[in-house]
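Chemist: protein21.txt is the file, holding compact mmCIF, C-alpha atoms:
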# COMPACT_ATOMS: atom_id res chain seq x y z
CA MET A 146 -17.05 -13.21 9.93
CA SER A 147 -19.13 -10.15 10.80
CA ALA A 148 -19.26 -7.02 8.67
CA GLN A 149 -17.49 -5.11 11.44
CA ALA A 150 -14.62 -7.59 11.48
CA ALA A 151 -14.37 -7.45 7.68
CA VAL A 152 -14.19 -3.63 7.76
CA ALA A 153 -11.48 -3.86 10.43
CA ALA A 154 -9.47 -6.32 8.31
CA VAL A 155 -9.68 -4.04 5.26
CA GLY A 156 -8.83 -0.96 7.32
CA TRP A 157 -5.75 -2.44 8.92
CA ALA A 158 -4.54 -3.80 5.56
CA LEU A 159 -4.80 -0.27 4.13
CA LEU A 160 -3.02 1.28 7.12
CA HIS A 161 -0.24 -1.31 7.12
CA PHE A 162 0.42 -0.62 3.46
CA VAL A 163 1.60 2.88 4.40
CA TRP A 164 4.87 1.44 5.72
CA GLN A 165 4.84 -1.65 3.51
CA GLY A 166 4.63 0.48 0.38
CA ALA A 167 7.43 2.72 1.60
CA LEU A 168 9.66 -0.33 2.12
CA ILE A 169 8.80 -1.66 -1.34
CA GLY A 170 9.54 1.75 -2.84
CA CYS A 171 12.93 1.88 -1.14
CA VAL A 172 13.93 -1.56 -2.45
CA THR A 173 12.63 -0.73 -5.94
CA ALA A 174 14.56 2.56 -5.99
CA VAL A 175 17.78 0.77 -5.09
CA ALA A 176 17.16 -1.88 -7.76
CA LEU A 177 16.44 0.69 -10.47
CA THR A 178 19.53 2.66 -9.52
CA ALA A 179 21.68 -0.46 -9.75
CA LEU A 180 20.15 -1.24 -13.16
CA ARG A 181 20.42 2.31 -14.50
CA ASN A 182 22.76 1.23 -17.33
CA ALA A 183 21.10 -2.11 -18.01
CA ARG A 184 18.63 -2.72 -20.81
CA PRO A 185 15.25 -1.07 -20.21
CA GLN A 186 13.63 -4.52 -20.18
CA ARG A 187 15.39 -5.30 -16.88
CA ARG A 188 14.35 -2.03 -15.26
CA TYR A 189 10.82 -2.61 -16.55
CA LEU A 190 10.74 -6.06 -14.95
CA ALA A 191 12.08 -4.72 -11.63
CA ALA A 192 9.47 -1.94 -11.55
CA CYS A 193 6.67 -4.37 -12.49
CA LEU A 194 7.70 -6.72 -9.68
CA GLY A 195 7.70 -3.79 -7.24
CA LEU A 196 4.20 -2.72 -8.29
CA LEU A 197 2.93 -6.29 -8.15
CA LEU A 198 4.30 -6.63 -4.62
CA CYS A 199 2.45 -3.44 -3.69
CA LEU A 200 -0.77 -5.30 -4.43
CA ALA A 201 0.22 -8.75 -3.21
CA TRP A 202 1.43 -7.79 0.27
CA PRO A 203 -1.73 -6.06 1.56
CA LEU A 204 -3.90 -8.57 -0.30
CA LEU A 205 -2.18 -11.49 1.42
CA GLU A 206 -2.56 -9.78 4.79
CA LEU A 207 -6.26 -9.18 4.09
CA VAL A 208 -6.84 -12.81 3.10
CA LEU A 209 -5.12 -14.05 6.26
CA ALA A 210 -7.14 -11.64 8.42
CA LEU A 211 -10.44 -12.62 6.80
CA GLY A 212 -9.56 -16.28 7.27
CA THR A 213 -9.19 -15.81 11.03
CA GLY A 214 -12.26 -16.94 12.89
CA PRO A 215 -14.30 -14.26 14.69
CA ASP A 216 -13.68 -15.91 18.05
CA ALA A 217 -9.92 -16.21 17.60
CA VAL A 218 -8.27 -14.37 20.47
CA ARG A 219 -4.64 -13.81 21.26
CA ALA A 220 -3.59 -11.97 24.42
CA GLY A 221 -0.87 -9.39 24.09
CA GLY A 222 2.34 -9.51 26.06
CA VAL A 223 2.56 -8.25 29.62
CA LEU A 224 4.51 -5.02 29.86
CA PRO A 225 5.86 -4.56 33.39
CA GLY A 226 7.04 -1.29 34.86
CA PRO A 227 5.73 2.27 34.76
CA ALA A 228 8.07 3.44 31.96
CA VAL A 229 7.06 0.65 29.59
CA ALA A 230 3.45 1.06 30.58
CA ALA A 231 3.56 4.74 29.71
CA GLY A 232 4.89 4.00 26.22
CA ALA A 233 2.37 1.22 25.75
CA GLU A 234 -0.43 3.59 26.76
CA GLY A 235 0.62 6.00 24.01
CA ALA A 236 0.73 3.24 21.40
CA ALA A 237 -2.55 1.85 22.65
CA GLY A 238 -4.07 5.31 22.44
CA LEU A 239 -3.08 5.73 18.80
CA LEU A 240 -4.17 2.19 18.03
CA ALA A 241 -7.51 2.81 19.72
CA TRP A 242 -7.98 6.07 17.77
CA LEU A 243 -7.31 4.32 14.47
CA GLN A 244 -9.59 1.47 15.44
CA GLY A 245 -12.32 3.91 16.34
CA HIS A 246 -12.08 5.61 12.94
CA LEU A 247 -11.72 2.50 10.76
CA ASP A 248 -15.26 2.89 9.45
CA TRP A 249 -14.43 6.39 8.19
CA ILE A 250 -11.06 5.32 6.79
CA VAL A 251 -12.54 2.40 4.85
CA GLY A 252 -15.54 4.47 3.77
CA LEU A 253 -13.40 7.30 2.36
CA TRP A 254 -11.14 4.78 0.64
CA ALA A 255 -14.15 3.02 -0.91
CA ALA A 256 -15.62 6.33 -2.13
CA ALA A 257 -12.35 7.47 -3.73
CA THR A 258 -11.74 4.04 -5.25
CA SER A 259 -15.25 4.03 -6.73
CA ALA A 260 -14.69 7.46 -8.28
CA LEU A 261 -11.39 6.38 -9.83
CA ALA A 262 -12.93 3.11 -11.06
CA LEU A 263 -15.74 5.09 -12.71
CA ARG A 264 -13.17 7.34 -14.38
CA MET A 265 -11.30 4.27 -15.65
CA ALA A 266 -14.54 2.72 -16.94
CA LEU A 267 -15.44 5.92 -18.79
CA GLY A 268 -11.98 6.03 -20.36
CA LEU A 269 -12.28 2.43 -21.52
CA ALA A 270 -15.73 3.15 -22.93
CA TRP A 271 -14.37 6.14 -24.87
CA ILE A 272 -11.53 4.07 -26.31
CA GLY A 273 -13.90 1.26 -27.27
CA ARG A 274 -16.32 3.66 -28.92
CA ALA A 275 -13.49 5.38 -30.81
CA GLY A 276 -12.22 2.03 -32.06
CA ARG A 277 -15.65 1.11 -33.43
CA SER A 278 -17.05 4.38 -34.72
CA GLN A 279 -14.13 6.47 -35.95
CA ALA A 280 -13.25 6.61 -39.64
CA THR A 281 -10.25 4.86 -41.07
CA ASP A 282 -7.80 5.86 -43.78
CA PRO A 283 -7.48 3.03 -46.34
CA ALA A 284 -3.99 4.04 -47.43
CA TRP A 285 -2.60 4.20 -43.90
CA GLN A 286 -4.50 1.06 -42.89
CA ALA A 287 -2.78 -0.82 -45.72
CA ARG A 288 0.57 0.65 -44.71
CA LEU A 289 0.09 -0.32 -41.06
CA SER A 290 -0.92 -3.87 -42.05
CA GLN A 291 2.20 -4.22 -44.19
CA MET A 292 4.39 -3.02 -41.31
CA ALA A 293 2.72 -5.45 -38.92
CA GLN A 294 3.34 -8.33 -41.31
CA ARG A 295 6.95 -7.26 -41.85
CA PHE A 296 7.50 -7.03 -38.06
CA GLY A 297 6.17 -10.57 -37.56
CA LEU A 298 2.84 -9.71 -35.91
CA GLY A 299 0.28 -12.44 -36.50
CA ARG A 300 -2.76 -10.33 -35.58
CA GLU A 301 -4.70 -7.74 -37.50
CA VAL A 302 -4.01 -4.23 -36.22
CA ARG A 303 -6.74 -1.72 -37.03
CA LEU A 304 -6.20 1.99 -37.58
CA ARG A 305 -8.67 4.75 -36.75
CA VAL A 306 -8.33 8.48 -37.40
CA VAL A 307 -9.52 10.58 -34.45
CA ASP A 308 -9.98 14.34 -34.11
CA HIS A 309 -8.76 16.23 -31.02
CA LEU A 310 -6.04 13.72 -30.17
CA ALA A 311 -2.43 14.79 -29.71
CA SER A 312 -0.60 11.50 -30.22
CA PRO A 313 -1.17 8.00 -31.58
CA ILE A 314 -2.35 5.59 -28.91
CA THR A 315 -2.79 1.82 -28.87
CA ALA A 316 -5.67 -0.01 -27.21
CA GLY A 317 -7.02 -3.53 -27.14
CA TRP A 318 -5.37 -6.91 -26.84
CA TRP A 319 -7.36 -9.43 -28.83
CA ARG A 320 -8.23 -6.93 -31.56
CA PRO A 321 -5.69 -4.12 -31.14
CA VAL A 322 -6.42 -0.71 -32.60
CA VAL A 323 -4.15 2.30 -33.15
CA LEU A 324 -5.89 5.67 -32.83
CA VAL A 325 -4.10 8.30 -34.92
CA PRO A 326 -4.76 12.05 -34.64
CA ALA A 327 -6.23 13.53 -37.81
CA ALA A 328 -3.72 16.38 -37.57
CA LEU A 329 -0.82 13.93 -37.91
CA VAL A 330 -2.33 12.14 -40.90
CA SER A 331 -2.74 15.43 -42.75
CA GLY A 332 0.27 17.38 -41.50
CA MET A 333 3.16 15.09 -40.53
CA PRO A 334 5.56 13.76 -43.18
CA PRO A 335 4.66 10.13 -43.98
CA GLN A 336 8.06 8.75 -43.02
CA LEU A 337 7.79 10.33 -39.53
CA LEU A 338 4.24 9.10 -38.98
CA GLU A 339 5.41 5.65 -40.05
CA ALA A 340 8.07 5.81 -37.30
CA LEU A 341 5.39 6.59 -34.71
CA LEU A 342 3.26 3.70 -35.95
CA ALA A 343 6.28 1.39 -35.62
CA HIS A 344 6.51 2.49 -31.99
CA GLU A 345 2.83 1.60 -31.46
CA LEU A 346 3.39 -1.81 -33.02
CA GLY A 347 6.04 -2.37 -30.36
CA HIS A 348 3.32 -1.98 -27.72
CA VAL A 349 1.07 -4.40 -29.61
CA ARG A 350 3.90 -6.94 -29.90
CA ARG A 351 4.52 -6.93 -26.12
CA HIS A 352 0.82 -6.89 -25.04
CA ASP A 353 1.51 -3.68 -23.11
CA TYR A 354 -2.18 -2.83 -23.07
CA LEU A 355 -2.88 -5.60 -20.54
CA VAL A 356 -0.04 -4.52 -18.26
CA ASN A 357 -1.24 -0.94 -18.45
CA LEU A 358 -4.75 -2.00 -17.42
CA ALA A 359 -3.29 -3.85 -14.41
CA GLN A 360 -1.39 -0.69 -13.50
CA ASN A 361 -4.60 1.32 -13.56
CA VAL A 362 -6.33 -1.20 -11.30
CA ILE A 363 -3.50 -1.05 -8.74
CA GLU A 364 -3.43 2.76 -8.91
CA THR A 365 -7.18 2.76 -8.28
CA LEU A 366 -6.98 0.47 -5.23
CA LEU A 367 -3.86 2.01 -3.66
CA PHE A 368 -4.28 5.59 -4.85
CA TYR A 369 -3.33 7.08 -1.47
CA HIS A 370 0.29 5.90 -1.54
CA PRO A 371 2.79 8.01 -3.54
CA VAL A 372 5.13 5.04 -4.02
CA VAL A 373 2.47 3.29 -6.14
CA TRP A 374 2.29 6.29 -8.49
CA TRP A 375 6.07 6.62 -8.62
CA ILE A 376 6.64 2.95 -9.50
CA SER A 377 3.83 3.05 -12.05
CA HIS A 378 5.37 6.15 -13.63
CA ARG A 379 8.73 4.38 -13.89
CA ILE A 380 7.03 1.41 -15.58
CA ARG A 381 5.60 3.72 -18.24
CA LEU A 382 8.96 5.39 -18.79
CA GLU A 383 10.76 2.09 -19.29
CA ARG A 384 7.95 0.74 -21.48
CA GLU A 385 8.25 3.68 -23.84
CA GLN A 386 11.99 3.14 -24.13
CA ILE A 387 11.43 -0.54 -24.97
CA ALA A 388 8.94 0.43 -27.68
CA ASP A 389 11.44 3.00 -29.00
CA ASP A 390 14.13 0.32 -29.25
CA TYR A 391 11.68 -2.00 -31.02
CA ALA A 392 10.77 0.65 -33.59
CA ALA A 393 14.37 1.77 -34.11
CA HIS A 394 15.49 -1.84 -34.62
CA HIS A 395 12.85 -2.63 -37.26
CA LEU A 396 13.13 0.72 -39.01
CA GLY A 397 16.91 0.70 -38.91
CA GLU A 398 16.82 4.48 -38.40
CA PRO A 399 16.82 5.66 -34.75
CA ARG A 400 17.17 9.28 -35.87
CA ARG A 401 13.94 9.09 -37.86
CA LEU A 402 12.05 8.08 -34.73
CA ALA A 403 13.83 10.81 -32.76
CA LEU A 404 12.73 13.38 -35.34
CA ALA A 405 9.15 12.10 -35.16
CA LEU A 406 9.18 12.44 -31.38
CA SER A 407 10.52 15.97 -31.62
CA GLU A 408 7.51 16.84 -33.78
CA LEU A 409 5.24 15.43 -31.09
CA GLU A 410 6.89 17.61 -28.45
CA ARG A 411 5.11 20.62 -29.87
CA LEU A 412 1.70 19.00 -29.53
CA GLN A 413 -0.53 18.92 -26.51
CA PHE A 414 -0.09 15.79 -24.40
CA SER A 415 -2.96 13.32 -24.54
CA GLY A 416 -5.10 12.91 -21.43
CA HIS A 417 -6.04 9.29 -22.18
CA HIS A 418 -3.76 7.17 -20.01
CA LEU A 419 -5.69 3.89 -20.36
CA ALA A 420 -3.92 3.21 -23.65
CA GLN A 421 -0.36 3.33 -24.88
CA ALA A 422 0.65 6.70 -26.34
CA ALA A 423 3.73 7.51 -28.36
CA ASN A 424 4.28 10.67 -26.32
CA GLY A 425 4.48 8.80 -23.01
CA GLY A 426 7.37 9.61 -20.68
CA ASP A 427 9.94 12.38 -21.10
CA LEU A 428 10.11 13.05 -24.85
CA MET A 429 13.37 14.98 -24.71
CA ALA A 430 15.07 12.25 -22.69
CA ARG A 431 13.86 9.66 -25.19
CA ILE A 432 15.11 11.76 -28.11
CA ARG A 433 18.55 12.16 -26.50
CA ARG A 434 18.71 8.44 -25.82
CA LEU A 435 17.95 7.62 -29.47
CA VAL A 436 20.41 10.15 -30.88
CA ARG A 437 23.22 9.86 -28.32
CA PRO A 438 22.92 6.68 -26.26
CA GLY A 439 25.30 6.52 -23.33
CA ALA A 440 25.80 5.44 -19.73
CA GLN A 441 23.89 7.23 -17.00
CA ALA A 442 25.76 8.71 -14.07
CA LEU A 443 24.91 7.62 -10.55
CA ASP A 444 22.45 10.05 -8.92
CA TRP A 445 21.52 8.99 -5.40
CA THR A 446 19.65 12.24 -4.79
CA ALA A 447 16.81 10.94 -6.96
CA ALA A 448 16.20 8.17 -4.41
CA LEU A 449 16.31 10.40 -1.32
CA PRO A 450 12.55 11.16 -1.24
CA VAL A 451 11.73 7.45 -1.35
CA LEU A 452 14.36 6.62 1.28
CA GLY A 453 13.04 9.39 3.55
CA LEU A 454 9.48 8.17 3.15
CA ALA A 455 10.55 4.60 3.92
CA LEU A 456 12.35 5.70 7.09
CA ALA A 457 9.43 7.80 8.34
CA CYS A 458 6.89 5.06 7.69
CA ALA A 459 9.11 2.35 9.20
CA ILE A 460 9.37 4.39 12.40
CA SER A 461 5.64 5.03 12.51
CA ALA A 462 4.90 1.35 11.88
CA HIS A 463 6.16 0.50 15.37
CA SER A 464 3.63 2.92 16.86
CA PHE A 465 0.39 1.51 15.54
CA LYS A 466 0.95 -1.91 14.04
CA PRO A 467 -1.75 -4.12 15.60
CA ALA A 468 -1.98 -7.88 15.80
CA SER A 469 -3.91 -9.85 13.21
CA ALA A 470 -6.62 -10.99 15.63
CA PRO A 471 -8.79 -9.39 18.35
CA THR A 472 -6.60 -8.87 21.41
CA SER A 473 -6.85 -7.96 25.04
CA ALA A 474 -3.47 -6.58 26.05
CA LEU A 475 -2.40 -6.54 29.70
CA ILE A 476 -0.43 -3.51 30.88
CA PHE A 477 0.84 -3.81 34.45
CA ALA A 478 2.13 -0.92 36.52
CA PRO A 479 2.52 -0.39 40.27
CA ALA A 480 0.00 1.86 42.00
CA PRO A 481 0.60 3.83 45.23
CA ALA A 482 -0.24 1.86 48.34
CA GLY A 483 -2.16 3.27 51.24
CA PRO A 484 -0.45 5.63 53.67
CA HIS A 485 2.28 4.00 55.70
CA PRO A 486 3.86 5.74 58.67
CA ASP A 487 7.39 4.87 57.58
CA THR A 488 6.92 5.44 53.82
CA LEU A 489 9.24 8.44 53.61
CA ARG A 490 12.07 6.66 55.42
CA ALA A 491 11.53 3.04 54.36
CA THR A 492 12.80 1.18 51.32
CA THR A 493 9.70 0.07 49.43
CA THR A 494 9.29 -2.34 46.52
CA GLY A 495 6.08 -3.00 44.61
CA PRO A 496 4.55 -6.37 43.86
CA ILE A 497 6.11 -8.29 40.95
CA ALA A 498 3.94 -10.54 38.82
CA ASP A 499 4.79 -14.15 38.10
CA PHE A 500 3.75 -13.87 34.44
CA SER A 501 3.67 -17.63 33.95
CA THR A 502 0.62 -17.78 36.23
CA CYS A 503 -1.28 -14.91 34.63
CA ALA A 504 -4.12 -16.14 32.44
CA LYS A 505 -4.51 -14.58 29.04
CA PRO A 506 -7.80 -12.69 29.22
CA GLU A 507 -10.54 -14.09 27.03
CA TYR A 508 -12.50 -11.67 24.88
CA PRO A 509 -16.20 -12.17 25.80
CA HIS A 510 -18.03 -13.69 22.84
CA ALA A 511 -20.95 -11.26 23.08
CA ASP A 512 -18.58 -8.28 22.97
CA LEU A 513 -16.74 -9.79 19.99
CA ARG A 514 -19.97 -10.16 18.06
CA ALA A 515 -21.06 -6.64 18.98
CA GLY A 516 -17.68 -5.14 18.09
CA HIS A 517 -17.12 -3.67 21.58
CA GLU A 518 -13.75 -2.14 22.42
CA GLY A 519 -12.30 -0.22 25.32
CA THR A 520 -9.76 -0.14 28.13
CA THR A 521 -10.43 -1.50 31.60
CA THR A 522 -8.25 -0.07 34.37
CA LEU A 523 -8.22 -2.14 37.60
CA GLU A 524 -6.79 -1.53 41.04
CA PHE A 525 -6.02 -4.74 42.88
CA LEU A 526 -4.63 -5.63 46.30
CA VAL A 527 -1.77 -8.13 46.55
CA ASP A 528 -1.58 -9.67 50.02
CA VAL A 529 1.53 -10.83 51.85
CA ASP A 530 1.17 -14.31 50.32
CA GLY A 531 1.29 -12.89 46.77
CA HIS A 532 -2.36 -13.53 46.00
CA VAL A 533 -4.90 -11.01 44.70
CA ALA A 534 -7.07 -10.39 47.74
CA ASP A 535 -9.32 -7.71 46.25
CA SER A 536 -9.87 -5.75 43.05
CA LYS A 537 -11.98 -2.82 41.95
CA ILE A 538 -12.72 -0.99 38.72
CA HIS A 539 -10.73 2.22 38.55
CA ARG A 540 -11.96 3.09 35.06
CA SER A 541 -14.52 1.06 33.14
CA SER A 542 -14.19 0.03 29.51
CA GLY A 543 -17.86 0.87 29.12
CA HIS A 544 -18.86 -2.79 28.93
CA ALA A 545 -19.53 -4.74 32.12
CA THR A 546 -18.67 -8.16 30.71
CA MET A 547 -15.24 -6.97 29.57
CA ASP A 548 -14.62 -5.40 32.99
CA GLU A 549 -15.59 -8.65 34.73
CA ALA A 550 -13.36 -10.67 32.40
CA SER A 551 -10.49 -8.38 33.41
CA ARG A 552 -11.14 -8.96 37.11
CA SER A 553 -11.32 -12.73 36.55
CA ALA A 554 -8.02 -12.73 34.68
CA ILE A 555 -6.07 -10.72 37.26
CA ALA A 556 -7.43 -12.86 40.09
CA GLN A 557 -5.53 -15.85 38.67
CA CYS A 558 -2.15 -14.10 38.77
CA ASN A 559 0.41 -14.81 41.51
CA PHE A 560 2.83 -12.14 42.66
CA LYS A 561 5.94 -11.68 44.68
CA PRO A 562 4.48 -9.41 47.34
CA GLY A 563 5.61 -5.86 47.84
CA THR A 564 7.94 -5.08 50.71
CA VAL A 565 8.77 -2.28 53.12
CA ASP A 566 12.33 -2.58 54.46
CA GLY A 567 12.38 -6.19 53.29
CA ARG A 568 9.15 -7.13 55.06
CA ALA A 569 6.23 -8.37 52.94
CA VAL A 570 3.22 -6.05 53.08
CA ALA A 571 -0.11 -5.87 51.30
CA GLN A 572 0.00 -3.33 48.48
CA TRP A 573 -2.32 -2.02 45.80
CA ALA A 574 -1.30 -1.99 42.12
CA LYS A 575 -2.91 -1.06 38.82
CA VAL A 576 -3.47 -2.98 35.62
CA GLN A 577 -4.93 -2.09 32.22
CA TYR A 578 -6.64 -4.42 29.79
CA VAL A 579 -6.81 -2.89 26.31
CA TRP A 580 -9.59 -4.60 24.36
CA THR A 581 -9.22 -4.03 20.62
CA LEU A 582 -10.67 -5.73 17.53
CA GLN A 583 -7.85 -5.97 14.97
Could you write out this structure as structure tokens?
Modeler:
Amino acid sequence: MSAQAAVAAVGWALLHFVWQGALIGCVTAVALTALRNARPQRRYLAACLGLLLCLAWPLLELVLALGTGPDAVRAGGVLPGPAVAAGAEGAAGLLAWLQGHLDWIVGLWAAATSALALRMALGLAWIGRAGRSQATDPAWQARLSQMAQRFGLGREVRLRVVDHLASPITAGWWRPVVLVPAALVSGMPPQLLEALLAHELGHVRRHDYLVNLAQNVIETLLFYHPVVWWISHRIRLEREQIADDYAAHHLGEPRRLALALSELERLQFSGHHLAQAANGGDLMARIRRLVRPGAQALDWTAALPVLGLALACAISAHSFKPASAPTSALIFAPAPAGPHPDTLRATTTGPIADFSTCAKPEYPHADLRAGHEGTTTLEFLVDVDGHVADSKIHRSSGHATMDEASRSAIAQCNFKPGTVDGRAVAQWAKVQYVWTLQ
């Protein structure tokens, strides 16, 4: 497959995800609303499945497109009649515009993705450096190790004290580390800091660091879609609630954790999102949930933005969704015949194609390899026997071989000839072949 075809496959996968992501967001919103009073683990699973589908759907489409041979050609349907032809011209125009700008679309996406990937790499490097170089507190390290053993964790969990950090965060999977702000070690009551550390051990227990890394990768690749960020945000909210429940269960004191979180509310939120932080999500909502757990009322207005986005994108999907292979679409419409003395008084019908006889136009191999696209508009004469007696180029595609392939294809079509007052007459008609690499 040529580089041009690969760029086209990536570009169309990105464009298709605009409506695919909106549909996924709509389904996920409905699922989360239905599970609003279920355990947070179920909402977490539903949101994770939604985010995973956001990656899997365009990836599957890309793999299928890349697996299509460069010479694979499928002719589009024949759209008879001037009204249908007019609508098809509009869709073809938008499709052609998108196709013509795929290089820019993919280039901008690649540049933004590279910048976000660099940011993620720098964040991971900072976390790794902090885990290796920062000082530890022997007393709190011993306390954390005892808690981990009491909670049934079979791995060593390291503790590092870090300046200029607003909240404890957890990083690492094989050798997890909890980074604790120096201000909390020196200023927070020990029993409250212990509650925050229990929360972090909940993240270690569930391997949340790996899931969070996967989230960051998906956010980097599909950064342009708001549904991805919304689902990812919901995953983080539910994950914090799960860790709260874990800590409250092992401590046996939900109010102690709520008090510790209320202390964190006064601190500046951490900017390091590549690790698990105790201040993730809405702190006040988490505090209320710990102190006064209760059922949540149904609020459909929260899903309206996602539903509106899904509707808008679903409508737009019909306008520019291309096929998965290079196509040459035939658009047939009658064209005015030459002057006839009785035209104003006569009943006239145009030629009607017998579509079963029309050959699907073959994309010239040289144009496929060169990535040529365009629209050939032909005028052709249908004689009284229904055969194409003559044809001429009304508007060239810009490539002679594609124009000639269009003439060869229309010459094989048979027609019911046009009539004037029921009598067969020779008439001219128009046809468009839209050549697009998709």
Chemist: Just the residues within 12 Å of range 533-546 of chain A, please, counting all atoms listed in the file, with nothing from its chain fewer than 4 positions along; format it as a PyMOL selection string.
Modeler: chain A and resi 473+480+496-498+503+506-513+515-529+550-562+571-581
Chemist: Closest to Ala154 in chain A among A:Ala210, A:Leu190, A:Leu298, A:Leu196, using all atoms listed in the file?
Modeler: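 Going through A:Ala210, A:Leu190, A:Leu298, A:Leu196 one by one, the smallest distance to Ala154 in chain A is for A:Ala210.
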Chemist: Could you give me, as a list in words, the residues that sit within 8 Å of (-10.2, 9.0, -32.3) in the file's coordinates, counting all atoms listed in the file?
Modeler: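 Counting all atoms listed in the file, I find these residues within 8 Å of (-10.2, 9.0, -32.3): Ile272, Ala275, Gly276, Gln279, Arg305, Val306, Val307, Asp308, His309, Leu310, Leu324, Val325 and Pro326 of chain A.
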Chemist: Select, from A:Thr258, A:Asn361, A:Gln165, A:Thr493, the residue with the minimum atom-to-atom distance to Cys199 in chain A, counting all atoms listed in the file.
Modeler: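 Closest candidate: A:Gln165.
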Chemist: Within 12 Å of His370 in chain A, counting all atoms listed in the file, which residues qualify if same-chain residues fewer than 5 places away don't, as number ranges by chain?
Modeler: A: 159-170, 196, 199-200, 254, 363-365, 375-377, 451, 454-455, 458
Chemist: Those same residues - C-alpha atoms - I'd like them written as a compact mmCIF listing (two decimals), in the frame of the given file.
Modeler:
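Below is the file out.txt, written as the result:
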# COMPACT_ATOMS: atom_id res chain seq x y z
CA LEU A 159 -4.80 -0.27 4.13
CA LEU A 160 -3.02 1.28 7.12
CA HIS A 161 -0.24 -1.31 7.12
CA PHE A 162 0.42 -0.62 3.46
CA VAL A 163 1.60 2.88 4.40
CA TRP A 164 4.87 1.44 5.72
CA GLN A 165 4.84 -1.65 3.51
CA GLY A 166 4.63 0.48 0.38
CA ALA A 167 7.43 2.72 1.60
CA LEU A 168 9.66 -0.33 2.12
CA ILE A 169 8.80 -1.66 -1.34
CA GLY A 170 9.54 1.75 -2.84
CA LEU A 196 4.20 -2.72 -8.29
CA CYS A 199 2.45 -3.44 -3.69
CA LEU A 200 -0.77 -5.30 -4.43
CA TRP A 254 -11.14 4.78 0.64
CA ILE A 363 -3.50 -1.05 -8.74
CA GLU A 364 -3.43 2.76 -8.91
CA THR A 365 -7.18 2.76 -8.28
CA TRP A 375 6.07 6.62 -8.62
CA ILE A 376 6.64 2.95 -9.50
CA SER A 377 3.83 3.05 -12.05
CA VAL A 451 11.73 7.45 -1.35
CA LEU A 454 9.48 8.17 3.15
CA ALA A 455 10.55 4.60 3.92
CA CYS A 458 6.89 5.06 7.69
Chemist: Between CA of Ile387 in chain A and CA of Leu198 in chain A, what is the distance, to one decimal in Å?
Modeler: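 The value is 22.4 Å.
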Chemist: Padding of 6 Å on every side, edges along x, y and z, all listed atoms of range 266-283 of chain A included: what centre and edge lengths in Å, to one decimal, does that box have, as JSON?
Modeler:
{"center_x": -12.3, "center_y": 3.9, "center_z": -31.6, "size_x": 21.6, "size_y": 17.5, "size_z": 41.4}
Chemist: Between CA of Val208 in chain A and CA of Ile380 in chain A, what is the distance, to one decimal in Å?
Modeler: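 Atom-to-atom, CA of Val208 in chain A to CA of Ile380 in chain A, that is 27.3 Å.
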Chemist: Can you work out the spacing between CA of Ala405 in chain A and CA of Met265 in chain A in Å, to one decimal?
Modeler: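 Between CA of Ala405 in chain A and CA of Met265 in chain A the gap is 29.3 Å.
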